[in-house]
file final-v6.txt (compact mmCIF, C-alpha atoms and all ligand atoms)
# COMPACT_ATOMS: atom_id res chain seq x y z
CA MET A 561 49.71 -320.12 -151.28
CA PRO A 562 50.89 -316.91 -149.62
CA ASN A 563 51.42 -313.98 -151.91
CA GLU A 564 55.20 -313.70 -151.82
CA ILE A 565 55.35 -310.42 -153.68
CA SER A 566 53.29 -308.54 -151.13
CA SER A 567 54.75 -310.10 -148.00
CA SER A 568 56.87 -307.55 -146.19
CA ARG A 569 59.01 -310.36 -144.81
CA THR A 570 60.03 -311.67 -148.21
CA LEU A 571 63.58 -310.97 -149.14
CA HIS A 572 63.90 -309.18 -152.47
CA ARG A 573 66.97 -309.08 -154.62
CA LEU A 574 67.64 -306.63 -157.43
CA ILE A 575 70.69 -306.84 -159.66
CA TYR A 576 71.57 -304.10 -162.12
CA THR A 577 74.48 -303.05 -164.30
CA SER A 578 75.45 -299.48 -165.18
CA ARG A 579 78.31 -297.47 -166.66
CA GLN A 580 80.51 -295.31 -164.46
CA ALA A 581 80.11 -291.60 -165.18
CA PHE A 582 82.32 -289.85 -162.65
CA ALA A 583 82.66 -286.12 -163.28
CA ALA A 584 86.12 -284.69 -163.76
CA GLY A 585 87.45 -283.33 -160.49
CA LEU A 586 87.55 -285.78 -157.62
CA GLY A 587 89.75 -288.78 -158.35
CA HIS A 588 88.20 -292.15 -159.09
CA ASP A 589 89.28 -293.62 -155.73
CA GLN A 590 87.87 -290.68 -153.78
CA GLU A 591 84.56 -290.94 -155.65
CA ILE A 592 84.38 -294.63 -154.78
CA GLU A 593 85.22 -293.95 -151.13
CA ALA A 594 82.48 -291.34 -150.82
CA LEU A 595 80.03 -293.73 -152.42
CA ILE A 596 80.98 -296.53 -150.00
CA ARG A 597 80.59 -294.34 -146.94
CA ALA A 598 77.04 -293.28 -147.87
CA SER A 599 76.12 -296.83 -148.87
CA ILE A 600 77.31 -298.49 -145.68
CA ARG A 601 75.47 -295.93 -143.55
CA ASN A 602 72.19 -296.08 -145.47
CA ASN A 603 72.15 -299.80 -146.14
CA ARG A 604 72.70 -300.69 -142.50
CA ALA A 605 69.83 -298.44 -141.51
CA SER A 606 67.45 -300.07 -144.00
CA ALA A 607 68.57 -303.74 -143.69
CA ILE A 608 70.03 -303.80 -147.20
CA THR A 609 72.89 -306.15 -147.97
CA GLY A 610 74.54 -306.81 -151.29
CA LEU A 611 77.67 -306.45 -153.33
CA LEU A 612 78.88 -303.70 -155.64
CA LEU A 613 81.44 -304.70 -158.24
CA VAL A 614 83.39 -301.75 -159.67
CA HIS A 615 85.38 -302.75 -162.72
CA ASP A 616 86.47 -301.55 -166.13
CA GLY A 617 84.07 -298.62 -166.33
CA TRP A 618 81.14 -300.69 -165.08
CA PHE A 619 79.13 -301.18 -161.92
CA VAL A 620 77.36 -304.48 -161.21
CA GLN A 621 75.37 -304.36 -157.99
CA ALA A 622 73.11 -306.72 -156.05
CA LEU A 623 70.80 -305.19 -153.45
CA GLU A 624 68.83 -307.46 -151.14
CA GLY A 625 66.45 -306.76 -148.29
CA PRO A 626 62.80 -305.90 -147.72
CA ALA A 627 61.10 -305.09 -151.05
CA ALA A 628 60.24 -301.49 -150.19
CA ALA A 629 63.76 -300.75 -148.95
CA VAL A 630 65.33 -302.31 -152.04
CA MET A 631 63.10 -300.30 -154.40
CA THR A 632 63.60 -297.01 -152.51
CA THR A 633 67.36 -297.53 -152.50
CA TYR A 634 67.48 -298.45 -156.17
CA GLN A 635 65.41 -295.36 -157.09
CA ARG A 636 67.88 -293.18 -155.22
CA ILE A 637 70.84 -294.88 -156.87
CA LEU A 638 69.17 -294.56 -160.28
CA ASN A 639 69.08 -290.77 -159.92
CA ASP A 640 72.78 -290.62 -159.09
CA PRO A 641 74.74 -288.79 -161.83
CA ARG A 642 77.88 -290.85 -161.05
CA HIS A 643 76.58 -293.55 -163.36
CA THR A 644 74.38 -293.97 -166.40
CA ASP A 645 72.62 -296.57 -168.60
CA SER A 646 71.37 -298.63 -165.68
CA ARG A 647 69.86 -301.97 -166.73
CA VAL A 648 67.97 -304.13 -164.24
CA VAL A 649 69.16 -307.70 -164.82
CA SER A 650 66.83 -309.31 -162.28
CA ALA A 651 64.42 -308.27 -159.56
CA GLY A 652 62.10 -310.29 -157.37
CA PRO A 653 61.78 -312.53 -154.33
CA GLY A 654 65.23 -313.83 -153.51
CA GLY A 655 64.93 -316.67 -151.01
CA ALA A 656 67.71 -316.28 -148.46
CA ARG A 657 70.35 -313.56 -148.38
CA GLU A 658 73.37 -314.38 -150.53
CA PHE A 659 75.37 -311.43 -149.19
CA GLY A 660 75.44 -311.27 -145.40
CA ASP A 661 76.78 -307.76 -145.33
CA TRP A 662 77.07 -304.86 -147.73
CA ASN A 663 80.35 -305.14 -149.51
CA MET A 664 82.10 -303.96 -152.57
CA CYS A 665 84.85 -305.10 -154.87
CA ALA A 666 87.05 -302.43 -156.41
CA ARG A 667 90.65 -302.11 -157.43
CA ARG A 668 92.95 -300.90 -154.63
CA PHE A 669 90.22 -301.66 -152.11
CA SER A 670 91.88 -304.87 -150.88
CA PRO A 671 94.52 -307.27 -152.23
CA ALA A 672 91.83 -309.92 -152.75
CA ASP A 673 89.87 -307.50 -154.92
CA ASP A 674 92.92 -306.79 -157.06
CA ALA A 675 93.34 -310.54 -157.61
CA ILE A 676 89.65 -310.98 -158.48
CA LEU A 677 89.68 -308.10 -160.94
CA ASP A 678 92.93 -309.28 -162.54
CA ALA A 679 91.28 -312.66 -163.09
CA LEU A 680 88.20 -311.01 -164.60
CA SER A 681 90.37 -308.96 -166.97
CA GLN A 682 92.30 -312.00 -168.13
CA ARG A 683 89.24 -313.93 -169.17
CA SER A 684 87.50 -312.68 -172.27
CA ALA A 685 86.35 -309.06 -172.30
CA PHE A 686 84.40 -308.11 -169.17
CA ASP A 687 80.97 -307.54 -170.66
CA PRO A 688 78.15 -306.88 -168.18
CA SER A 689 75.81 -306.10 -171.09
CA ALA A 690 75.70 -309.87 -171.68
CA LEU A 691 74.88 -310.77 -168.05
CA THR A 692 71.64 -312.63 -167.39
CA ASP A 693 69.85 -313.07 -164.05
CA LYS A 694 71.66 -316.36 -163.45
CA SER A 695 75.12 -315.36 -164.67
CA ALA A 696 75.03 -312.02 -162.81
CA LEU A 697 74.23 -313.73 -159.51
CA ARG A 698 76.89 -316.36 -160.23
CA LEU A 699 79.49 -313.66 -160.89
CA LEU A 700 78.71 -311.71 -157.71
CA LYS A 701 78.62 -314.91 -155.60
CA ALA A 702 82.01 -315.94 -157.00
CA VAL A 703 83.45 -312.53 -156.07
CA ARG A 704 81.99 -312.81 -152.58
CA GLY A 705 83.36 -316.35 -152.22
CA ILE A 706 86.89 -315.23 -153.04
CA GLN A 707 86.61 -312.26 -150.66
CA ASP A 708 85.36 -314.57 -147.88
CA ARG A 709 88.12 -317.13 -148.40
CA THR A 710 90.79 -314.44 -148.45
CA ALA A 711 89.45 -312.87 -145.26
CA LEU A 712 89.51 -316.28 -143.53
CA SER A 713 93.09 -317.00 -144.52
CA ALA A 714 94.38 -313.51 -143.67
C1 LIG B 801 76.86 -297.40 -158.52
C2 LIG B 801 76.29 -296.79 -157.28
C3 LIG B 801 75.90 -297.62 -156.23
C4 LIG B 801 75.36 -297.09 -155.08
N1 LIG B 801 74.96 -297.92 -154.07
C5 LIG B 801 74.34 -297.41 -153.00
C6 LIG B 801 73.82 -298.27 -151.99
O1 LIG B 801 73.94 -299.50 -152.04
N2 LIG B 801 73.18 -297.68 -150.95
C7 LIG B 801 73.03 -296.34 -150.84
O2 LIG B 801 72.42 -295.89 -149.88
N3 LIG B 801 73.54 -295.51 -151.77
C8 LIG B 801 74.18 -296.01 -152.83
N4 LIG B 801 74.68 -295.16 -153.78
C9 LIG B 801 74.66 -293.71 -153.51
C10 LIG B 801 73.31 -293.09 -153.76
O3 LIG B 801 73.14 -292.85 -155.13
C11 LIG B 801 73.18 -291.77 -153.00
O4 LIG B 801 74.23 -290.90 -153.38
C12 LIG B 801 73.26 -291.95 -151.50
O5 LIG B 801 72.44 -293.00 -151.09
C13 LIG B 801 72.85 -290.66 -150.81
O6 LIG B 801 73.05 -290.86 -149.46
P1 LIG B 801 72.91 -289.64 -148.42
O7 LIG B 801 71.62 -288.94 -148.77
O8 LIG B 801 72.88 -290.32 -147.11
O9 LIG B 801 74.13 -288.80 -148.65
C14 LIG B 801 75.23 -295.67 -154.95
C15 LIG B 801 75.62 -294.86 -156.01
C16 LIG B 801 76.15 -295.39 -157.16
C17 LIG B 801 76.58 -294.50 -158.28
call {"tool": "encode", "arguments": {"input": "final-v6.txt", "output": "structure tokens", "more": "lines below"}}
Ligand SMILES: Cc1cc2nc3c(=O)[nH]c(=O)nc-3n(C[C@H](O)[C@H](O)[C@H](O)COP(=O)(O)O)c2cc1C
result
Amino acid sequence: MPNEISSSRTLHRLIYTSRQAFAAGLGHDQEIEALIRASIRNNRASAITGLLLVHDGWFVQALEGPAAAVMTTYQRILNDPRHTDSRVVSAGPGGAREFGDWNMCARRFSPADDAILDALSQRSAFDPSALTDKSALRLLKAVRGIQDRTALSA
């Protein structure tokens, strides 16, 4: 059986949660915009796709791509002072890509995102500390599904 972990062609997926820790100064929306710009540029260059959910003081992010690129990117993100208390929920070979592009979901980013985040708020408390590997992927796939459907019907 081929060693999946060491194959450079294997897709890896890492999902983590962290707490937002934006410094006073720049507004929240400007911080998010700066973060998106750097992420789109870097992730394209290193074949990383994924989804970043920004909600209620939390980040939940999936990163997928070649193992080395995913780990290098996560290490860089980990050192970023704009968040804290990062917890890796799952990491390993990921089969096929679940997120065809790099995307994010944040309030005021698009009307679909507002609707998604309203729905998340209305359920019980949004509590990423309780997310498991399966429920975290399910959450991010549900967000992506709503974004995709909204884009199609727009
Ligand atoms: C929650 C969070 C998620 C991030 N996601 C990414 C990402 O997916 N890709 C990325 O390159 N940088 C991401 N960043 C930004 C990096 O920490 C870092 O600032 C950036 O990669 C530096 O890019 P530059 O050297 O091109 O300016 C993220 C930062 C935070 C706080």
call {"tool": "closest_atom_pairs", "arguments": {"input": "final-v6.txt", "of": "chain A", "to": "ligand LIG 801 (chain B)", "cutoff": "6 Å", "atoms": "only C-alpha atoms and all ligand atoms", "output": "tab-separated table"}}
result
residue	atom	partner	partner_atom	distance
A:Leu595	CA	B:LIG801	C9	5.5
A:Ala598	CA	B:LIG801	O6	4.9
A:Ser599	CA	B:LIG801	C7	3.7
A:Asn602	CA	B:LIG801	O2	4.4
A:Asn603	CA	B:LIG801	N2	5.4
A:Phe619	CA	B:LIG801	C1	5.6
A:Thr633	CA	B:LIG801	O2	5.9
A:Arg636	CA	B:LIG801	O3	5.3
A:Ile637	CA	B:LIG801	O3	3.5
A:Asp640	CA	B:LIG801	O3	4.6
A:Arg642	CA	B:LIG801	C17	4.8
A:His643	CA	B:LIG801	C17	5.2
call {"tool": "closest_residue", "arguments": {"input": "final-v6.txt", "among": "A:Glu658, A:Asp645, A:Asp708, A:Asp674", "to": "Val614 of chain A", "atoms": "all atoms listed in the file"}}
result
A:Asp674
call {"tool": "atom_distance", "arguments": {"input": "final-v6.txt", "atom1": "atom CA of Leu712 of chain A", "atom2": "atom CA of Gly610 of chain A"}}
result
19.3 Å
call {"tool": "residues_around", "arguments": {"input": "final-v6.txt", "residues": "segment 663-669 of chain A", "least_positions_apart": "2", "cutoff": "10 Å", "atoms": "only C-alpha atoms", "output": "PyMOL selection string"}}
result
chain A and resi 589+592-593+596+599-600+609-616+619-622+659-661+671-678+700+703-704+707
call {"tool": "atom_distance", "arguments": {"input": "final-v6.txt", "atom1": "atom CA of Ile608 of chain A", "atom2": "atom CA of Glu624 of chain A"}}
result
5.5 Å
call {"tool": "atom_distance", "arguments": {"input": "final-v6.txt", "atom1": "atom CA of Lys694 of chain A", "atom2": "atom CA of Pro641 of chain A"}}
result
27.8 Å
call {"tool": "closest_residue", "arguments": {"input": "final-v6.txt", "among": "A:Arg579, A:Arg601, A:Arg573, A:Arg647", "to": "Trp618 of chain A", "atoms": "only C-alpha atoms"}}
result
A:Arg579
call {"tool": "closest_residue", "arguments": {"input": "final-v6.txt", "among": "A:Arg657, A:Ala679, A:Phe582, A:Pro688", "to": "Lys701 of chain A", "atoms": "only C-alpha atoms"}}
result
A:Arg657
call {"tool": "closest_residue", "arguments": {"input": "final-v6.txt", "among": "A:Leu680, A:Ala702, A:Ala627, A:Leu697", "to": "Val649 of chain A", "atoms": "all atoms listed in the file"}}
result
A:Leu697
call {"tool": "residues_near_point", "arguments": {"input": "final-v6.txt", "point": "(63.2, -312.5, -149.5)", "cutoff": "12 Å", "atoms": "only C-alpha atoms", "output": "VMD selection string"}}
result
chain A and resid 564 to 574 607 to 609 623 to 630 651 to 658
